[in-house]
Amino acid sequence: MDILGLLTPQSSLLLLLGVAYGALFDLWRGESWKDLLLFVAASLVGMSLGQAAGRMLGLNLVTIGPTYLLESTISSWVMMFAVAWLKG
């Protein structure tokens with residue numbers, strides 16, 4: 001099975017934004033390479049949860065195609081702040 005066949009434009013955009021948000025958050029709050037991986041993972045989980053919430057709620061506030069950009073972005077940042085808070 002070809003892995004590139006699984007990367008749709010929507011999933012590519014979510015992956016790109018999730019990694020970018022995680023890296024930006026790490027520049028601001030991170031201390032080590034582990035923090036970078038932690039924040040990127042939290043950002044990707046948040047992006048996925050935001051996408052699911054946008055689909056379930058049916059809000060079309062800011063979308064790019066089928067990607068719920070506003071919901072995914074807010075969820076991503078909330079998840080990263082929660083991880084930073086839990087990390088201490």
# chains A, B, ... in the order shown; residues from 1 in each chain; ligands from 1
>>> residues_around(residues="Arg55 (chain A)", least_positions_apart="5", cutoff="10 Å", atoms="only C-alpha atoms", output="number ranges by chain")
A: 49-50, 60, 66-68, 71
>>> residues_around(residues="Leu15 (chain A)", least_positions_apart="4", cutoff="12 Å", atoms="only C-alpha atoms", output="list in words")
Leu7, Thr8, Pro9, Gln10, Ser11, Val19, Ala20, Tyr21, Gly22, Val40, Ala41, Ala42, Ser43, Leu44, Val45, Gly46, Met47, Ser48, Gln51, Thr67, Ser72, Thr73 and Ser76 of chain A
>>> write_last_selection(atoms="C-alpha atoms", output="compact mmCIF listing (two decimals), in the first residue's frame")
# COMPACT_ATOMS: atom_id res chain seq x y z
CA LEU A 7 -2.33 11.84 2.26
CA THR A 8 -5.27 13.82 1.01
CA PRO A 9 -4.99 17.60 0.66
CA GLN A 10 -7.06 17.96 3.83
CA SER A 11 -4.85 15.68 5.91
CA VAL A 19 3.51 20.71 13.09
CA ALA A 20 3.85 24.47 12.54
CA TYR A 21 1.70 25.31 15.57
CA GLY A 22 3.61 22.83 17.73
CA VAL A 40 3.75 18.74 18.12
CA ALA A 41 1.94 15.58 19.21
CA ALA A 42 -0.50 17.61 21.31
CA SER A 43 -1.06 19.99 18.42
CA LEU A 44 -1.80 17.13 16.01
CA VAL A 45 -4.24 15.56 18.45
CA GLY A 46 -5.88 18.95 18.93
CA MET A 47 -6.13 19.49 15.19
CA SER A 48 -7.85 16.11 14.82
CA GLN A 51 -11.75 18.75 12.87
CA THR A 67 -11.05 21.57 6.63
CA SER A 72 -8.94 22.92 14.49
CA THR A 73 -6.68 25.86 15.33
CA SER A 76 -4.83 22.68 18.82
>>> residues_around(residues="Leu36 (chain A)", least_positions_apart="3", cutoff="9 Å", atoms="only C-alpha atoms", output="PyMOL selection string")
chain A and resi 22-23+25-27+30-33+39-41
>>> select_by_dssp(residues="chain A", states="alpha helix (DSSP H)", output="PyMOL selection string")
chain A and resi 9-29+33-57+69-87
>>> atom_distance(atom1="CA of Val83 (chain A)", atom2="CA of Leu69 (chain A)")
21.1 Å
>>> select_by_dssp(residues="chain A", states="strand (DSSP E)", output="list of chain:residue names")
A:Thr63, A:Ile64, A:Thr67, A:Tyr68
>>> write_last_selection(atoms="C-alpha atoms", output="compact mmCIF listing (two decimals), in the first residue's frame")
# COMPACT_ATOMS: atom_id res chain seq x y z
CA THR A 63 -13.09 26.61 6.27
CA ILE A 64 -10.69 25.72 3.51
CA THR A 67 -11.05 21.57 6.63
CA TYR A 68 -12.52 23.37 9.62
>>> closest_residue(among="A:Ser75, A:Leu70, A:Arg29, A:Gly58", to="Lys87 (chain A)", atoms="only C-alpha atoms")
A:Arg29
>>> closest_residue(among="A:Ala82, A:Gly18, A:Ala52, A:Gly88", to="Leu37 (chain A)", atoms="only C-alpha atoms")
A:Gly18
